[in-house]
Structures are given as C-alpha cells and as structure tokens.
Amino acid sequence: MDQEDKCLRCGQCCFMPDLENFVPTTTPCPYLRFDNQGKTFCSIYEHRLGTHLAPGIVCGMRYQDPLDYENCPYNTGTICYRVNRETVELLPPEK
Ligand code: SF4
Ligand code: SF4
C-alpha cells in the first residue's frame, strides 16, 4: 500500500495526542515498539486500525491525522512537530 511504502518508521505519528490542547505528547502508543536502529514498528500492525488506545483515542490511517511530523512523507503542509520520548517541538513552517 502506498502509505506503507513511503513510511520512514520514525514513529512520530504514533505518539499519543493531548486531546485537550490538540498537540502530540512524549508518550508513545502502548503498541509502539522501538528497535535498536532508531526505527519503530507497531506490535499489532494487522489489527491496528480501529483499536482503542486510550479514552477517546482510536488508531487510524496516517491521512486522518491532521498534523505534520518532521520529515514525514505524508505531510500536508500544516502545523509540523518533532516528536520523541523526550520532547515535542513545534517546528517553523517550511519555506
Ligand atoms: S510520521 Fe510519517 S514517516 Fe513517521 S511513522 Fe508516521 S507515517 Fe511513518
Ligand atoms: S496501534 Fe496505531 S498508533 Fe499504536 S503503534 Fe500501532 S499504528 Fe501506531
């Protein structure tokens, strides 16, 4: 599938959102796994879509997430974040 072809497996879109403030957090999805190369994978990949992750949060397709993430091939030119387990940074708009 196209979406999977381009994914860099950075995992940034798999961090839990703060639904009140509409921003990503430093807390990864409970199903996100990190390998020793700095890449990530989903431990329930085949069954991820529609899986309940936390109150009010369900796993969906990348295009359903309106945020951008640093270097993600699926960015749409909106608000862009750098997300990892230490920090969430709002990046300046791309020129
Ligand atoms: S932010 Fe983009 S590149 Fe990173 S895991 Fe998500 S879809 Fe893949
Ligand atoms: S369940 Fe969804 S949000 Fe969680 S790691 Fe898998 S793909 Fe990412």
# chains A, B, ... in the order shown; residues from 1 in each chain; ligands from 1

call {"tool": "residues_near_ligand", "arguments": {"ligand": "ligand 2", "cutoff": "8 Å", "atoms": "only C-alpha atoms and all ligand atoms", "output": "PDB file with C-alpha atoms, in the first residue's frame"}}
result
ATOM      1  CA  GLY A  11       7.030   6.585  14.853  1.00  0.00           C
ATOM      2  CA  CYS A  13       2.595   9.852  14.337  1.00  0.00           C
ATOM      3  CA  CYS A  14       2.218   7.031  16.882  1.00  0.00           C
ATOM      4  CA  PHE A  15       2.672   9.174  19.959  1.00  0.00           C
ATOM      5  CA  MET A  16      -0.435   9.783  21.988  1.00  0.00           C
ATOM      6  CA  PRO A  28       4.181   6.599  22.706  1.00  0.00           C
ATOM      7  CA  CYS A  29       1.180   4.484  21.878  1.00  0.00           C
ATOM      8  CA  PRO A  30       1.258   1.379  24.100  1.00  0.00           C
ATOM      9  CA  TYR A  31       1.678  -0.733  20.949  1.00  0.00           C
ATOM     10  CA  LEU A  32       4.625   1.216  19.507  1.00  0.00           C
ATOM     11  CA  ARG A  33       7.943  -0.641  19.655  1.00  0.00           C
ATOM     12  CA  PHE A  41       7.076  -0.691  14.428  1.00  0.00           C
ATOM     13  CA  CYS A  42       3.549  -1.457  15.517  1.00  0.00           C
ATOM     14  CA  SER A  43       3.181  -4.617  17.593  1.00  0.00           C
ATOM     15  CA  ILE A  44      -0.439  -5.082  16.449  1.00  0.00           C
ATOM     16  CA  TYR A  45       0.021  -3.904  12.886  1.00  0.00           C
ATOM     17  CA  HIS A  47      -5.214  -5.285  13.717  1.00  0.00           C
ATOM     18  CA  ARG A  48      -4.242  -1.703  14.466  1.00  0.00           C
ATOM     19  CA  LEU A  49      -7.000   0.158  12.649  1.00  0.00           C
ATOM     20  CA  THR A  51      -8.015  -0.337  18.042  1.00  0.00           C
ATOM     21  CA  LEU A  53      -5.674   3.168  22.532  1.00  0.00           C
ATOM     22  CA  VAL A  58      -8.511   5.096  18.278  1.00  0.00           C
ATOM     23  CA  CYS A  59      -5.771   4.074  15.847  1.00  0.00           C
ATOM     24  CA  GLY A  60      -6.475   5.276  12.320  1.00  0.00           C
TER      25      GLY A  60
END

call {"tool": "residues_near_ligand", "arguments": {"ligand": "ligand 1", "cutoff": "12 Å", "atoms": "only C-alpha atoms and all ligand atoms", "output": "PyMOL selection string"}}
result
chain A and resi 2-15+24+28-29+32-34+38-42+60-76+80-84

call {"tool": "select_by_dssp", "arguments": {"residues": "chain A", "states": "helix (DSSP H, G or I)", "output": "list in words"}}
result
Asp2, Gln3, Glu4, Asp5, Lys6, Gln12, Cys13, Cys14, Tyr45, Glu46, His47, Arg62, Tyr63 and Gln64 of chain A

call {"tool": "write_last_selection", "arguments": {"atoms": "C-alpha atoms", "output": "mmCIF file, in the first residue's frame"}}
result
data_model
loop_
_atom_site.group_PDB
_atom_site.id
_atom_site.type_symbol
_atom_site.label_atom_id
_atom_site.label_comp_id
_atom_site.auth_asym_id
_atom_site.auth_seq_id
_atom_site.Cartn_x
_atom_site.Cartn_y
_atom_site.Cartn_z
ATOM 1 C CA ASP A 2 1.269 3.446 -0.832
ATOM 2 C CA GLN A 3 1.035 4.715 2.718
ATOM 3 C CA GLU A 4 3.293 1.945 3.954
ATOM 4 C CA ASP A 5 5.755 2.299 1.081
ATOM 5 C CA LYS A 6 6.795 5.806 1.993
ATOM 6 C CA GLN A 12 6.227 10.241 15.382
ATOM 7 C CA CYS A 13 2.595 9.852 14.337
ATOM 8 C CA CYS A 14 2.218 7.031 16.882
ATOM 9 C CA TYR A 45 0.021 -3.904 12.886
ATOM 10 C CA GLU A 46 -2.502 -6.251 11.264
ATOM 11 C CA HIS A 47 -5.214 -5.285 13.717
ATOM 12 C CA ARG A 62 -1.993 8.428 8.747
ATOM 13 C CA TYR A 63 -4.026 10.696 6.468
ATOM 14 C CA GLN A 64 -6.660 11.034 9.179
#

call {"tool": "select_by_dssp", "arguments": {"residues": "chain A", "states": "strand (DSSP E or B)", "output": "CSV table (one decimal) with N, CA and C atoms, in the first residue's frame"}}
result
chain,number,residue,atom,x,y,z
A,15,PHE,N,2.7,8.7,18.6
A,15,PHE,CA,2.7,9.2,20.0
A,15,PHE,C,1.3,9.6,20.3
A,16,MET,N,0.9,9.5,21.6
A,16,MET,CA,-0.4,9.8,22.0
A,16,MET,C,-0.7,11.3,21.9
A,17,PRO,N,-1.9,11.7,21.5
A,17,PRO,CA,-2.2,13.1,21.4
A,17,PRO,C,-2.7,13.6,22.8
A,18,ASP,N,-2.5,14.8,23.0
A,18,ASP,CA,-3.2,15.5,24.1
A,18,ASP,C,-4.5,16.1,23.5
A,23,VAL,N,-2.3,18.6,20.7
A,23,VAL,CA,-0.9,18.5,20.4
A,23,VAL,C,-0.4,17.1,20.7
A,24,PRO,N,0.7,16.7,20.0
A,24,PRO,CA,1.3,15.4,20.4
A,24,PRO,C,1.9,15.4,21.8
A,25,THR,N,2.1,14.3,22.4
A,25,THR,CA,2.8,14.2,23.7
A,25,THR,C,4.1,13.3,23.5
A,26,THR,N,4.8,13.2,24.6
A,26,THR,CA,6.0,12.4,24.6
A,26,THR,C,5.7,10.9,24.9
A,27,THR,N,4.4,10.6,25.1
A,27,THR,CA,4.1,9.3,25.4
A,27,THR,C,3.7,8.4,24.2
A,28,PRO,N,4.5,7.4,23.9
A,28,PRO,CA,4.2,6.6,22.7
A,28,PRO,C,2.9,5.8,22.9
A,32,LEU,N,3.5,0.8,20.3
A,32,LEU,CA,4.6,1.2,19.5
A,32,LEU,C,5.9,0.6,20.1
A,33,ARG,N,6.7,0.0,19.2
A,33,ARG,CA,7.9,-0.6,19.7
A,33,ARG,C,9.1,0.1,19.0
A,34,PHE,N,10.2,0.1,19.7
A,34,PHE,CA,11.4,0.8,19.2
A,34,PHE,C,12.5,-0.2,19.0
A,40,THR,N,10.8,2.3,14.4
A,40,THR,CA,9.7,1.9,15.2
A,40,THR,C,8.9,0.9,14.4
A,41,PHE,N,8.1,0.1,15.1
A,41,PHE,CA,7.1,-0.7,14.4
A,41,PHE,C,5.9,-0.9,15.4
A,42,CYS,N,4.8,-1.3,14.8
A,42,CYS,CA,3.5,-1.5,15.5
A,42,CYS,C,3.4,-2.9,15.9
A,52,HIS,N,-8.7,0.6,20.1
A,52,HIS,CA,-8.9,1.6,21.2
A,52,HIS,C,-7.6,1.8,21.9
A,53,LEU,N,-7.0,3.0,21.9
A,53,LEU,CA,-5.7,3.2,22.5
A,53,LEU,C,-5.7,3.8,23.9
A,54,ALA,N,-6.7,4.7,24.1
A,54,ALA,CA,-6.9,5.4,25.3
A,54,ALA,C,-8.3,6.1,25.2
A,57,ILE,N,-9.4,7.9,22.0
A,57,ILE,CA,-8.3,7.7,21.0
A,57,ILE,C,-8.3,6.3,20.4
A,58,VAL,N,-8.4,6.3,19.0
A,58,VAL,CA,-8.5,5.1,18.3
A,58,VAL,C,-7.5,5.2,17.2
A,68,ASP,N,1.4,17.5,10.9
A,68,ASP,CA,2.6,17.1,10.2
A,68,ASP,C,3.7,16.7,11.2
A,69,TYR,N,4.6,15.9,10.8
A,69,TYR,CA,5.8,15.5,11.6
A,69,TYR,C,7.1,15.6,10.8
A,80,CYS,N,3.7,21.5,12.0
A,80,CYS,CA,4.6,20.4,12.0
A,80,CYS,C,5.3,20.3,13.3
A,81,TYR,N,5.4,19.0,13.8
A,81,TYR,CA,6.0,18.8,15.1
A,81,TYR,C,7.2,17.8,14.9
A,82,ARG,N,8.2,18.0,15.8
A,82,ARG,CA,9.2,17.0,16.0
A,82,ARG,C,8.8,16.3,17.3
A,83,VAL,N,8.7,15.0,17.3
A,83,VAL,CA,8.1,14.2,18.5
A,83,VAL,C,9.1,13.1,18.8
A,88,VAL,N,8.5,17.4,22.6
A,88,VAL,CA,7.6,17.7,21.5
A,88,VAL,C,7.9,19.1,21.1
A,89,GLU,N,8.4,19.3,19.9
A,89,GLU,CA,8.8,20.7,19.4
A,89,GLU,C,7.9,21.1,18.2
A,90,LEU,N,7.4,22.3,18.3
A,90,LEU,CA,6.7,22.9,17.1
A,90,LEU,C,7.8,23.4,16.2

call {"tool": "decode", "arguments": {"residues": "region 18-35 of chain A", "atoms": "N, CA and C atoms", "output": "mmCIF file, in the first residue's frame"}}
result
data_model
loop_
_atom_site.group_PDB
_atom_site.id
_atom_site.type_symbol
_atom_site.label_atom_id
_atom_site.label_comp_id
_atom_site.auth_asym_id
_atom_site.auth_seq_id
_atom_site.Cartn_x
_atom_site.Cartn_y
_atom_site.Cartn_z
ATOM 1 N N ASP A 18 -2.536 14.847 23.012
ATOM 2 C CA ASP A 18 -3.200 15.541 24.109
ATOM 3 C C ASP A 18 -4.470 16.124 23.500
ATOM 4 N N LEU A 19 -5.588 15.478 23.765
ATOM 5 C CA LEU A 19 -6.831 15.848 23.087
ATOM 6 C C LEU A 19 -7.337 17.221 23.506
ATOM 7 N N GLU A 20 -6.989 17.641 24.723
ATOM 8 C CA GLU A 20 -7.462 18.950 25.184
ATOM 9 C C GLU A 20 -6.767 20.085 24.446
ATOM 10 N N ASN A 21 -5.462 19.935 24.269
ATOM 11 C CA ASN A 21 -4.687 21.014 23.639
ATOM 12 C C ASN A 21 -4.358 20.726 22.173
ATOM 13 N N PHE A 22 -4.785 19.551 21.701
ATOM 14 C CA PHE A 22 -4.612 19.188 20.309
ATOM 15 C C PHE A 22 -3.143 19.223 19.884
ATOM 16 N N VAL A 23 -2.289 18.608 20.676
ATOM 17 C CA VAL A 23 -0.853 18.517 20.374
ATOM 18 C C VAL A 23 -0.381 17.097 20.670
ATOM 19 N N PRO A 24 0.710 16.675 20.031
ATOM 20 C CA PRO A 24 1.274 15.369 20.385
ATOM 21 C C PRO A 24 1.909 15.432 21.775
ATOM 22 N N THR A 25 2.101 14.274 22.383
ATOM 23 C CA THR A 25 2.795 14.208 23.666
ATOM 24 C C THR A 25 4.055 13.339 23.512
ATOM 25 N N THR A 26 4.828 13.242 24.577
ATOM 26 C CA THR A 26 6.032 12.400 24.559
ATOM 27 C C THR A 26 5.723 10.943 24.923
ATOM 28 N N THR A 27 4.448 10.625 25.057
ATOM 29 C CA THR A 27 4.057 9.252 25.420
ATOM 30 C C THR A 27 3.719 8.448 24.171
ATOM 31 N N PRO A 28 4.502 7.408 23.881
ATOM 32 C CA PRO A 28 4.181 6.599 22.706
ATOM 33 C C PRO A 28 2.918 5.784 22.917
ATOM 34 N N CYS A 29 2.283 5.443 21.840
ATOM 35 C CA CYS A 29 1.180 4.484 21.878
ATOM 36 C C CYS A 29 1.666 3.223 22.590
ATOM 37 N N PRO A 30 0.822 2.585 23.396
ATOM 38 C CA PRO A 30 1.258 1.379 24.100
ATOM 39 C C PRO A 30 1.689 0.255 23.165
ATOM 40 N N TYR A 31 1.319 0.327 21.897
ATOM 41 C CA TYR A 31 1.678 -0.733 20.949
ATOM 42 C C TYR A 31 2.892 -0.378 20.097
ATOM 43 N N LEU A 32 3.465 0.816 20.303
ATOM 44 C CA LEU A 32 4.625 1.216 19.507
ATOM 45 C C LEU A 32 5.891 0.589 20.098
ATOM 46 N N ARG A 33 6.686 -0.012 19.229
ATOM 47 C CA ARG A 33 7.943 -0.641 19.655
ATOM 48 C C ARG A 33 9.112 0.058 18.977
ATOM 49 N N PHE A 34 10.229 0.137 19.685
ATOM 50 C CA PHE A 34 11.432 0.812 19.182
ATOM 51 C C PHE A 34 12.518 -0.230 18.990
ATOM 52 N N ASP A 35 13.148 -0.235 17.805
ATOM 53 C CA ASP A 35 14.252 -1.171 17.622
ATOM 54 C C ASP A 35 15.581 -0.465 17.906
#
